[in-house]
>>> print(open('work_34.pdb').read())   # PDB, C-alpha atoms and all ligand atoms
ATOM      1  CA  MET G 246      16.670 -41.146  -2.319
ATOM      2  CA  SER G 247      19.463 -38.870  -1.168
ATOM      3  CA  LEU G 248      18.794 -35.557   0.512
ATOM      4  CA  GLU G 249      19.871 -33.672  -2.582
ATOM      5  CA  GLU G 250      17.600 -35.740  -4.812
ATOM      6  CA  PHE G 251      14.741 -35.252  -2.381
ATOM      7  CA  LYS G 252      15.142 -31.460  -2.454
ATOM      8  CA  ASN G 253      15.230 -31.378  -6.244
ATOM      9  CA  ARG G 254      12.621 -34.040  -6.864
ATOM     10  CA  ASN G 255      10.061 -31.784  -8.608
ATOM     11  CA  VAL G 256      12.335 -29.087  -9.929
ATOM     12  CA  GLY G 257      12.622 -30.314 -13.495
ATOM     13  CA  GLU G 258       8.917 -30.908 -14.091
ATOM     14  CA  GLN G 259       7.795 -27.468 -12.867
ATOM     15  CA  ASN G 260      10.446 -25.338 -14.590
ATOM     16  CA  TYR G 261      11.881 -23.881 -11.412
ATOM     17  CA  ARG G 262      14.898 -21.678 -11.893
ATOM     18  CA  LEU G 263      17.610 -22.417  -9.379
ATOM     19  CA  VAL G 264      19.327 -19.362  -8.013
ATOM     20  CA  ASP G 265      22.961 -19.674  -7.106
ATOM     21  CA  VAL G 266      23.141 -18.255  -3.615
ATOM     22  CA  GLY G 267      26.724 -19.305  -3.088
ATOM     23  CA  GLN G 268      28.185 -20.703   0.056
ATOM     24  CA  THR G 269      26.858 -19.603   3.430
ATOM     25  CA  PRO G 270      29.671 -17.660   5.177
ATOM     26  CA  GLN G 271      30.975 -19.479   8.204
ATOM     27  CA  THR G 272      33.518 -17.194   9.847
ATOM     28  CA  GLY G 273      33.168 -13.586  10.853
ATOM     29  CA  MET G 274      35.598 -12.520   8.146
ATOM     30  CA  GLU G 275      33.611 -14.336   5.469
ATOM     31  CA  LYS G 276      30.420 -12.627   6.634
ATOM     32  CA  PHE G 277      32.120  -9.235   6.517
ATOM     33  CA  GLU G 278      33.390  -9.943   3.008
ATOM     34  CA  GLN G 279      29.877 -10.897   1.896
ATOM     35  CA  VAL G 280      28.412  -7.656   3.269
ATOM     36  CA  VAL G 281      31.057  -5.550   1.552
ATOM     37  CA  LYS G 282      30.627  -7.438  -1.717
ATOM     38  CA  ARG G 283      26.861  -6.945  -1.686
ATOM     39  CA  ALA G 284      27.135  -3.266  -0.762
ATOM     40  CA  VAL G 285      29.686  -2.609  -3.487
ATOM     41  CA  LYS G 286      27.440  -4.326  -6.008
ATOM     42  CA  LEU G 287      24.741  -1.875  -4.852
ATOM     43  CA  GLU G 288      22.332  -4.657  -4.003
ATOM     44  CA  LEU G 289      21.445  -2.611  -0.970
ATOM     45  CA  PHE G 290      20.045   0.125  -3.179
ATOM     46  CA  THR G 291      18.035  -2.138  -5.444
ATOM     47  CA  GLY G 292      15.291  -2.448  -2.847
ATOM     48  CA  LEU G 293      15.409   1.280  -2.152
ATOM     49  CA  LYS G 294      15.022   1.961  -5.868
ATOM     50  CA  VAL G 295      11.855  -0.112  -5.965
ATOM     51  CA  THR G 296      10.554   1.616  -2.848
ATOM     52  CA  PHE G 297      11.174   5.123  -4.181
ATOM     53  CA  ARG G 298       9.799   4.217  -7.618
ATOM     54  CA  GLU G 299       6.532   3.055  -6.078
ATOM     55  CA  MET G 300       6.430   6.055  -3.748
ATOM     56  CA  PHE G 301       6.776   8.541  -6.569
ATOM     57  CA  LYS G 302       4.186   6.670  -8.608
ATOM     58  CA  ALA G 303       1.800   6.876  -5.669
ATOM     59  CA  LEU G 304       2.452  10.525  -4.823
ATOM     60  CA  PHE G 305       2.770  12.033  -8.287
ATOM     61  CA  GLY G 306       1.518   9.391 -10.693
ATOM     62  CA  GLY G 307      -1.893   8.887  -9.153
ATOM     63  CA  GLN G 308      -1.241   5.198  -8.557
ATOM     64  CA  MET G 309      -1.920   5.044  -4.836
ATOM     65  CA  HIS G 310      -2.667   1.499  -3.777
ATOM     66  CA  THR G 311      -3.717   2.243  -0.242
ATOM     67  CA  THR G 312      -6.739   3.985   1.212
ATOM     68  CA  LYS G 313      -6.277   6.978   3.494
ATOM     69  CA  TYR G 314      -8.613   5.774   6.173
ATOM     70  CA  PRO G 315     -10.441   7.436   7.934
ATOM     71  CA  PHE G 316     -10.439  10.231   5.323
ATOM     72  CA  GLU G 317     -11.282   7.734   2.583
ATOM     73  CA  LYS G 318     -13.542   4.765   3.023
ATOM     74  CA  LEU G 319     -14.079   1.798   0.782
ATOM     75  CA  PRO G 320     -17.662   1.127  -0.232
ATOM     76  CA  ILE G 321     -19.295  -1.618   1.777
ATOM     77  CA  ALA G 322     -21.786  -4.167   0.556
ATOM     78  CA  PRO G 323     -25.321  -2.765   0.410
ATOM     79  CA  ARG G 324     -26.615  -5.498   2.706
ATOM     80  CA  TYR G 325     -23.948  -4.938   5.353
ATOM     81  CA  ARG G 326     -25.527  -4.269   8.745
ATOM     82  CA  ALA G 327     -23.772  -3.153  11.905
ATOM     83  CA  ILE G 328     -24.355  -0.207  14.229
ATOM     84  CA  HIS G 329     -27.958   0.154  15.289
ATOM     85  CA  GLU G 330     -30.257   2.921  14.168
ATOM     86  CA  MET G 331     -33.379   4.105  15.899
ATOM     87  CA  LYS G 332     -36.144   5.023  13.505
ATOM     88  CA  ARG G 333     -38.823   7.686  13.693
ATOM     89  CA  LEU G 334     -42.402   7.688  12.471
ATOM     90  CA  LEU G 335     -42.430   9.492   9.157
ATOM     91  CA  GLU G 336     -45.816  11.113   9.830
ATOM     92  CA  SER G 337     -45.135  12.693  13.212
ATOM     93  CA  GLY G 338     -41.355  12.510  13.584
ATOM     94  CA  HIS G 339     -41.797  10.856  16.990
ATOM     95  CA  TYR G 340     -39.522   7.924  17.698
ATOM     96  CA  ARG G 341     -41.080   4.541  17.012
ATOM     97  CA  CYS G 342     -39.838   2.833  20.156
ATOM     98  CA  ILE G 343     -42.693   2.135  22.567
ATOM     99  CA  GLY G 344     -40.416   1.132  25.403
ATOM    100  CA  CYS G 345     -41.616  -2.464  25.523
ATOM    101  CA  GLY G 346     -38.193  -3.695  26.604
ATOM    102  CA  LEU G 347     -38.158  -6.769  24.375
ATOM    103  CA  CYS G 348     -34.805  -5.839  22.859
ATOM    104  CA  GLU G 349     -33.273  -5.512  26.307
ATOM    105  CA  LYS G 350     -34.654  -8.888  27.361
ATOM    106  CA  ILE G 351     -33.572 -10.812  24.283
ATOM    107  CA  CYS G 352     -30.070  -9.358  24.027
ATOM    108  CA  ILE G 353     -27.761 -12.304  24.573
ATOM    109  CA  ALA G 354     -24.730 -10.106  25.190
ATOM    110  CA  ASN G 355     -26.654  -8.202  27.868
ATOM    111  CA  CYS G 356     -25.513  -4.895  26.425
ATOM    112  CA  ILE G 357     -28.793  -2.988  26.155
ATOM    113  CA  ARG G 358     -29.954  -0.943  29.127
ATOM    114  CA  MET G 359     -33.182   1.021  29.024
ATOM    115  CA  ASP G 360     -35.718   2.664  31.258
ATOM    116  CA  THR G 361     -39.097   4.255  30.721
ATOM    117  CA  ARG G 362     -41.337   6.704  32.547
ATOM    118  CA  TYR G 363     -44.700   8.400  32.118
ATOM    119  CA  ASP G 364     -44.679  11.887  30.723
ATOM    120  CA  GLU G 365     -47.044  14.682  31.759
ATOM    121  CA  ASN G 366     -49.763  13.213  29.511
ATOM    122  CA  GLN G 367     -49.377   9.796  31.122
ATOM    123  CA  ARG G 368     -47.836   8.422  27.946
ATOM    124  CA  LYS G 369     -44.883   6.103  28.210
ATOM    125  CA  GLU G 370     -41.619   7.531  27.016
ATOM    126  CA  VAL G 371     -38.075   6.208  26.826
ATOM    127  CA  SER G 372     -36.012   7.958  29.466
ATOM    128  CA  GLU G 373     -32.791   5.948  29.132
ATOM    129  CA  TYR G 374     -31.499   3.773  26.340
ATOM    130  CA  THR G 375     -27.907   2.733  25.779
ATOM    131  CA  ILE G 376     -26.134  -0.004  23.874
ATOM    132  CA  ASN G 377     -22.631  -1.009  24.839
ATOM    133  CA  PHE G 378     -20.984  -1.636  21.499
ATOM    134  CA  GLY G 379     -17.947  -3.013  23.265
ATOM    135  CA  ARG G 380     -20.077  -6.032  24.115
ATOM    136  CA  CYS G 381     -22.573  -6.202  21.249
ATOM    137  CA  ILE G 382     -21.981  -9.130  18.921
ATOM    138  CA  PHE G 383     -24.364  -7.819  16.242
ATOM    139  CA  CYS G 384     -26.506 -10.919  16.344
ATOM    140  CA  GLY G 385     -29.549  -8.960  15.222
ATOM    141  CA  TYR G 386     -31.963 -10.408  17.795
ATOM    142  CA  CYS G 387     -32.937  -6.975  19.082
ATOM    143  CA  ALA G 388     -33.900  -5.830  15.600
ATOM    144  CA  GLU G 389     -35.833  -9.011  14.879
ATOM    145  CA  VAL G 390     -37.844  -8.942  18.080
ATOM    146  CA  CYS G 391     -38.756  -5.257  17.922
ATOM    147  CA  PRO G 392     -42.518  -5.070  17.250
ATOM    148  CA  GLU G 393     -42.333  -1.496  15.976
ATOM    149  CA  LEU G 394     -39.350  -1.813  13.605
ATOM    150  CA  ALA G 395     -37.884   0.904  15.790
ATOM    151  CA  ILE G 396     -34.413  -0.528  16.187
ATOM    152  CA  VAL G 397     -32.625  -1.755  13.068
ATOM    153  CA  HIS G 398     -29.065  -2.367  12.040
ATOM    154  CA  GLY G 399     -27.590   0.355   9.859
ATOM    155  CA  GLY G 400     -24.587   0.499   7.578
ATOM    156  CA  ARG G 401     -22.149   2.176   9.972
ATOM    157  CA  TYR G 402     -19.395  -0.225  10.942
ATOM    158  CA  GLU G 403     -16.936   1.752  13.055
ATOM    159  CA  THR G 404     -17.120   0.554  16.628
ATOM    160  CA  ALA G 405     -13.613   1.474  17.694
ATOM    161  CA  SER G 406     -13.351   3.607  20.767
ATOM    162  CA  GLU G 407     -10.669   5.096  22.941
ATOM    163  CA  GLN G 408     -12.402   3.508  25.861
ATOM    164  CA  ARG G 409     -12.977  -0.153  26.421
ATOM    165  CA  ALA G 410     -16.653   0.394  26.944
ATOM    166  CA  SER G 411     -18.147   2.438  24.134
ATOM    167  CA  TYR G 412     -21.764   3.283  24.668
ATOM    168  CA  SER G 413     -24.287   4.764  22.296
ATOM    169  CA  THR G 414     -27.271   6.555  23.666
ATOM    170  CA  PHE G 415     -30.762   6.725  22.234
ATOM    171  CA  GLU G 416     -30.097  10.161  20.763
ATOM    172  CA  ASP G 417     -26.907   8.979  19.056
ATOM    173  CA  MET G 418     -28.845   6.314  17.169
ATOM    174  CA  LEU G 419     -32.043   8.250  16.522
ATOM    175  CA  THR G 420     -32.614   9.644  13.033
ATOM    176  CA  PRO G 421     -31.999  13.423  13.220
ATOM    177  CA  LEU G 422     -35.256  15.318  12.695
ATOM    178  CA  ASP G 423     -33.846  17.368   9.823
ATOM    179  CA  GLN G 424     -32.902  14.129   8.023
ATOM    180  CA  LEU G 425     -36.269  12.443   8.453
ATOM    181  CA  ALA G 426     -36.965  12.499   4.730
ATOM    182  CA  GLN G 427     -33.785  10.529   4.092
ATOM    183  CA  GLN G 428     -34.537   7.914   6.751
ATOM    184  CA  SER G 429     -33.776   4.584   5.138
ATOM    185  CA  GLU G 430     -35.887   1.494   5.557
ATOM    186  CA  PHE G 431     -34.083  -1.752   4.949
ATOM    187  CA  PRO G 432     -35.709  -4.545   2.971
ATOM    188  CA  GLY G 433     -35.633  -8.048   4.349
ATOM    189  CA  PHE G 434     -36.982  -9.948   7.306
ATOM    190  CA  GLY G 435     -38.987  -7.791   9.654
ATOM    191  CA  ALA G 436     -39.002  -4.732   7.407
ATOM    192  CA  VAL G 437     -42.052  -2.905   6.132
ATOM    193  CA  SER G 438     -43.137  -4.388   2.817
ATOM    194  CA  ASP G 439     -43.954  -2.201  -0.169
ATOM    195  CA  ASP G 440     -47.656  -3.064   0.031
ATOM    196  CA  ALA G 441     -47.888  -2.681   3.811
ATOM    197  CA  ASP G 442     -50.552   0.050   3.542
ATOM    198  CA  LYS G 443     -52.856  -2.217   1.550
ATOM    199  CA  LYS G 444     -52.673  -4.920   4.201
ATOM    200  CA  ILE G 445     -53.972  -2.682   6.983
ATOM    201  CA  LYS G 446     -57.495  -3.664   8.056
ATOM    202  CA  LYS G 447     -59.378  -0.803   9.609
ATOM    203  CA  THR G 448     -61.835  -1.414  12.437
ATOM    204  CA  PRO G 449     -65.386  -0.932  11.151
ATOM    205  CA  LEU G 450     -67.100   2.140  12.561
ATOM    206  CA  ALA G 451     -69.889   0.011  14.033
ATOM    207  CA  TYR G 452     -67.491  -1.250  16.634
TER     208      TYR G 452
HETATM  209  S1  LIG R 501     -27.315  -7.120  18.039
HETATM  210 FE1  LIG R 501     -27.507  -8.798  19.543
HETATM  211  S2  LIG R 501     -25.861  -8.412  21.023
HETATM  212 FE2  LIG R 501     -26.136  -6.501  19.855
HETATM  213  S3  LIG R 501     -27.597  -5.271  21.062
HETATM  214 FE3  LIG R 501     -28.811  -6.467  19.575
HETATM  215  S4  LIG R 501     -29.405  -8.341  20.675
HETATM  216 FE4  LIG R 501     -27.707  -7.405  21.819
HETATM  217  S1  LIG R 502     -38.032  -3.812  21.152
HETATM  218 FE1  LIG R 502     -38.256  -1.993  19.837
HETATM  219  S2  LIG R 502     -40.035  -0.929  20.696
HETATM  220 FE2  LIG R 502     -39.361  -2.408  22.252
HETATM  221  S3  LIG R 502     -37.984  -1.226  23.588
HETATM  222 FE3  LIG R 502     -36.709  -2.226  22.011
HETATM  223  S4  LIG R 502     -36.522  -0.694  20.379
HETATM  224 FE4  LIG R 502     -38.231  -0.055  21.688
END
>>> encode(input="work_34.pdb", output="structure tokens")
Amino acid sequence: MSLEEFKNRNVGEQNYRLVDVGQTPQTGMEKFEQVVKRAVKLELFTGLKVTFREMFKALFGGQMHTTKYPFEKLPIAPRYRAIHEMKRLLESGHYRCIGCGLCEKICIANCIRMDTRYDENQRKEVSEYTINFGRCIFCGYCAEVCPELAIVHGGRYETASEQRASYSTFEDMLTPLDQLAQQSEFPGFGAVSDDADKKIKKTPLAY
């Protein structure tokens, strides 16, 4: 099979349309002539016409095909989980975290740092808690191991930062007190089930 036959071997069967591109210019003069010929035939402006047509459609015809991020955001899947959230107890508004440190221990990216202390009532409280989202790989181990369902993954996905190391503190992730009523619980492994209250066994008074 010749080179030409090889190049055209499937052309007939698939209804390709061959475009006559002419001879490739060899000398400088031939190249210059080709440029002039194309410019005179206004081929240069054909692309610009398409560009301006689409631009006007987008600006004035309401046919914008791009999203003006960060002012506009595309909806994400309801089960998408990324940036951590720290939950509060609905009854008291106190944070759920008991400072057990399991999340810090299990974190395989070693990006959680926390510390605890005793408050004036000798109750343990979280004094420091940060997650380095520059290192977090969103494996979900911290949320799975948490015995209090205090740390969960939320729907926020923006982890970009001007600094290489972007930290989030406990307060950044904690549900704001004025939004406690809207605090979302996520269904799935490790989450509170709908009939959780019924499963609670109270200690008999005799004990
Ligand atoms: S999701 Fe994984 S890597 Fe990120 S903080 Fe939790 S345990 Fe660490
Ligand atoms: S595992 Fe849960 S309760 Fe324990 S320190 Fe981490 S967030 Fe707090």
>>> closest_atom_pairs(input="work_34.pdb", of="chain G", to="ligand LIG 501 (chain R)", cutoff="12 Å", atoms="all atoms listed in the file", output="Markdown table")
| residue | atom | partner | partner_atom | distance |
| --- | --- | --- | --- | --- |
| G:Arg326 | CA | R:LIG501 | S1 | 9.9 |
| G:Ala327 | CA | R:LIG501 | S1 | 8.1 |
| G:Ile328 | CA | R:LIG501 | S1 | 8.4 |
| G:His329 | CA | R:LIG501 | S1 | 7.8 |
| G:Glu330 | CA | R:LIG501 | FE3 | 10.9 |
| G:Gly346 | CA | R:LIG501 | S4 | 11.6 |
| G:Leu347 | CA | R:LIG501 | S4 | 9.6 |
| G:Cys348 | CA | R:LIG501 | S4 | 6.3 |
| G:Glu349 | CA | R:LIG501 | S4 | 7.4 |
| G:Lys350 | CA | R:LIG501 | S4 | 8.5 |
| G:Ile351 | CA | R:LIG501 | S4 | 6.0 |
| G:Cys352 | CA | R:LIG501 | S4 | 3.6 |
| G:Ile353 | CA | R:LIG501 | S2 | 5.6 |
| G:Ala354 | CA | R:LIG501 | S2 | 4.6 |
| G:Asn355 | CA | R:LIG501 | FE4 | 6.2 |
| G:Cys356 | CA | R:LIG501 | FE4 | 5.7 |
| G:Ile357 | CA | R:LIG501 | S3 | 5.7 |
| G:Arg358 | CA | R:LIG501 | S3 | 9.5 |
| G:Met359 | CA | R:LIG501 | S3 | 11.6 |
| G:Tyr374 | CA | R:LIG501 | S3 | 11.2 |
| G:Thr375 | CA | R:LIG501 | S3 | 9.3 |
| G:Ile376 | CA | R:LIG501 | S3 | 6.1 |
| G:Asn377 | CA | R:LIG501 | S3 | 7.6 |
| G:Phe378 | CA | R:LIG501 | FE2 | 7.3 |
| G:Gly379 | CA | R:LIG501 | FE2 | 9.5 |
| G:Arg380 | CA | R:LIG501 | S2 | 7.0 |
| G:Cys381 | CA | R:LIG501 | FE2 | 3.8 |
| G:Ile382 | CA | R:LIG501 | S2 | 4.5 |
| G:Phe383 | CA | R:LIG501 | S1 | 3.5 |
| G:Cys384 | CA | R:LIG501 | FE1 | 4.0 |
| G:Gly385 | CA | R:LIG501 | S1 | 4.0 |
| G:Tyr386 | CA | R:LIG501 | S4 | 4.4 |
| G:Cys387 | CA | R:LIG501 | S4 | 4.1 |
| G:Ala388 | CA | R:LIG501 | FE3 | 6.5 |
| G:Glu389 | CA | R:LIG501 | S4 | 8.7 |
| G:Val390 | CA | R:LIG501 | S4 | 8.8 |
| G:Cys391 | CA | R:LIG501 | FE3 | 10.2 |
| G:Ile396 | CA | R:LIG501 | FE3 | 8.8 |
| G:Val397 | CA | R:LIG501 | FE3 | 8.9 |
| G:His398 | CA | R:LIG501 | S1 | 7.9 |
| G:Gly399 | CA | R:LIG501 | S1 | 11.1 |
| G:Thr404 | CA | R:LIG501 | FE2 | 11.9 |
| G:Tyr412 | CA | R:LIG501 | S3 | 11.0 |
| G:Ser413 | CA | R:LIG501 | S3 | 10.6 |
>>> closest_residue(input="work_34.pdb", among="G:Thr448, G:Asp364, G:Gly338, G:Met331", to="ligand LIG 502 (chain R)", atoms="all atoms listed in the file")
G:Met331
>>> closest_residue(input="work_34.pdb", among="G:Gly307, G:Pro449, G:Gly344, G:Pro421", to="ligand LIG 502 (chain R)", atoms="all atoms listed in the file")
G:Gly344
>>> atom_distance(input="work_34.pdb", atom1="CA of Glu278 (chain G)", atom2="CA of Leu263 (chain G)")
23.6 Å
>>> closest_residue(input="work_34.pdb", among="G:Lys332, G:Arg368, G:Arg401, G:Lys252", to="ligand LIG 502 (chain R)", atoms="all atoms listed in the file")
G:Lys332
>>> closest_residue(input="work_34.pdb", among="G:Glu250, G:Glu373, G:Glu299, G:Glu288", to="ligand LIG 502 (chain R)", atoms="all atoms listed in the file")
G:Glu373
>>> atom_distance(input="work_34.pdb", atom1="CA of Glu370 (chain G)", atom2="atom FE1 of ligand LIG 502 (chain R)")
12.4 Å
>>> atom_distance(input="work_34.pdb", atom1="atom FE2 of ligand LIG 502 (chain R)", atom2="CA of Pro323 (chain G)")
26.0 Å
>>> closest_residue(input="work_34.pdb", among="G:Arg341, G:Gln424, G:Glu403, G:Lys443", to="ligand LIG 502 (chain R)", atoms="all atoms listed in the file")
G:Arg341
>>> axis_aligned_box(input="work_34.pdb", around="ligand LIG 502 (chain R)", padding_each_side="3 Å", output="lines of an AutoDock Vina configuration file")
center_x = -38.3
center_y = -1.9
center_z = 21.7
size_x = 9.5
size_y = 9.8
size_z = 9.8
>>> closest_residue(input="work_34.pdb", among="G:Met246, G:Leu394, G:Ala405, G:Met418", to="ligand LIG 502 (chain R)", atoms="all atoms listed in the file")
G:Leu394
>>> build_atoms(input="work_34.pdb", residues="region 352-364 of chain G", atoms="N, CA and C atoms", output="PDB file, in the frame of the given file")
ATOM      1  N   CYS G 352     -31.489  -9.571  24.350  1.00  0.00           N
ATOM      2  CA  CYS G 352     -30.070  -9.358  24.027  1.00  0.00           C
ATOM      3  C   CYS G 352     -29.190 -10.394  24.736  1.00  0.00           C
ATOM      4  N   ILE G 353     -28.538 -11.230  23.960  1.00  0.00           N
ATOM      5  CA  ILE G 353     -27.761 -12.304  24.573  1.00  0.00           C
ATOM      6  C   ILE G 353     -26.414 -11.818  25.102  1.00  0.00           C
ATOM      7  N   ALA G 354     -25.982 -10.648  24.662  1.00  0.00           N
ATOM      8  CA  ALA G 354     -24.730 -10.106  25.190  1.00  0.00           C
ATOM      9  C   ALA G 354     -24.997  -9.191  26.387  1.00  0.00           C
ATOM     10  N   ASN G 355     -26.271  -9.010  26.706  1.00  0.00           N
ATOM     11  CA  ASN G 355     -26.654  -8.202  27.868  1.00  0.00           C
ATOM     12  C   ASN G 355     -26.061  -6.793  27.776  1.00  0.00           C
ATOM     13  N   CYS G 356     -26.150  -6.203  26.592  1.00  0.00           N
ATOM     14  CA  CYS G 356     -25.513  -4.895  26.425  1.00  0.00           C
ATOM     15  C   CYS G 356     -26.507  -3.754  26.229  1.00  0.00           C
ATOM     16  N   ILE G 357     -27.790  -4.065  26.262  1.00  0.00           N
ATOM     17  CA  ILE G 357     -28.793  -2.988  26.155  1.00  0.00           C
ATOM     18  C   ILE G 357     -29.317  -2.665  27.543  1.00  0.00           C
ATOM     19  N   ARG G 358     -29.355  -1.401  27.867  1.00  0.00           N
ATOM     20  CA  ARG G 358     -29.954  -0.943  29.127  1.00  0.00           C
ATOM     21  C   ARG G 358     -30.975   0.143  28.778  1.00  0.00           C
ATOM     22  N   MET G 359     -32.184   0.003  29.318  1.00  0.00           N
ATOM     23  CA  MET G 359     -33.182   1.021  29.024  1.00  0.00           C
ATOM     24  C   MET G 359     -34.096   1.224  30.213  1.00  0.00           C
ATOM     25  N   ASP G 360     -34.758   2.364  30.208  1.00  0.00           N
ATOM     26  CA  ASP G 360     -35.718   2.664  31.258  1.00  0.00           C
ATOM     27  C   ASP G 360     -36.804   3.526  30.645  1.00  0.00           C
ATOM     28  N   THR G 361     -37.979   3.450  31.235  1.00  0.00           N
ATOM     29  CA  THR G 361     -39.097   4.255  30.721  1.00  0.00           C
ATOM     30  C   THR G 361     -39.764   4.997  31.875  1.00  0.00           C
ATOM     31  N   ARG G 362     -40.567   5.977  31.527  1.00  0.00           N
ATOM     32  CA  ARG G 362     -41.337   6.704  32.547  1.00  0.00           C
ATOM     33  C   ARG G 362     -42.594   7.245  31.879  1.00  0.00           C
ATOM     34  N   TYR G 363     -43.489   7.775  32.671  1.00  0.00           N
ATOM     35  CA  TYR G 363     -44.700   8.400  32.118  1.00  0.00           C
ATOM     36  C   TYR G 363     -44.484   9.902  32.018  1.00  0.00           C
ATOM     37  N   ASP G 364     -44.848  10.443  30.865  1.00  0.00           N
ATOM     38  CA  ASP G 364     -44.679  11.887  30.723  1.00  0.00           C
ATOM     39  C   ASP G 364     -45.896  12.610  31.325  1.00  0.00           C
TER      40      ASP G 364
END
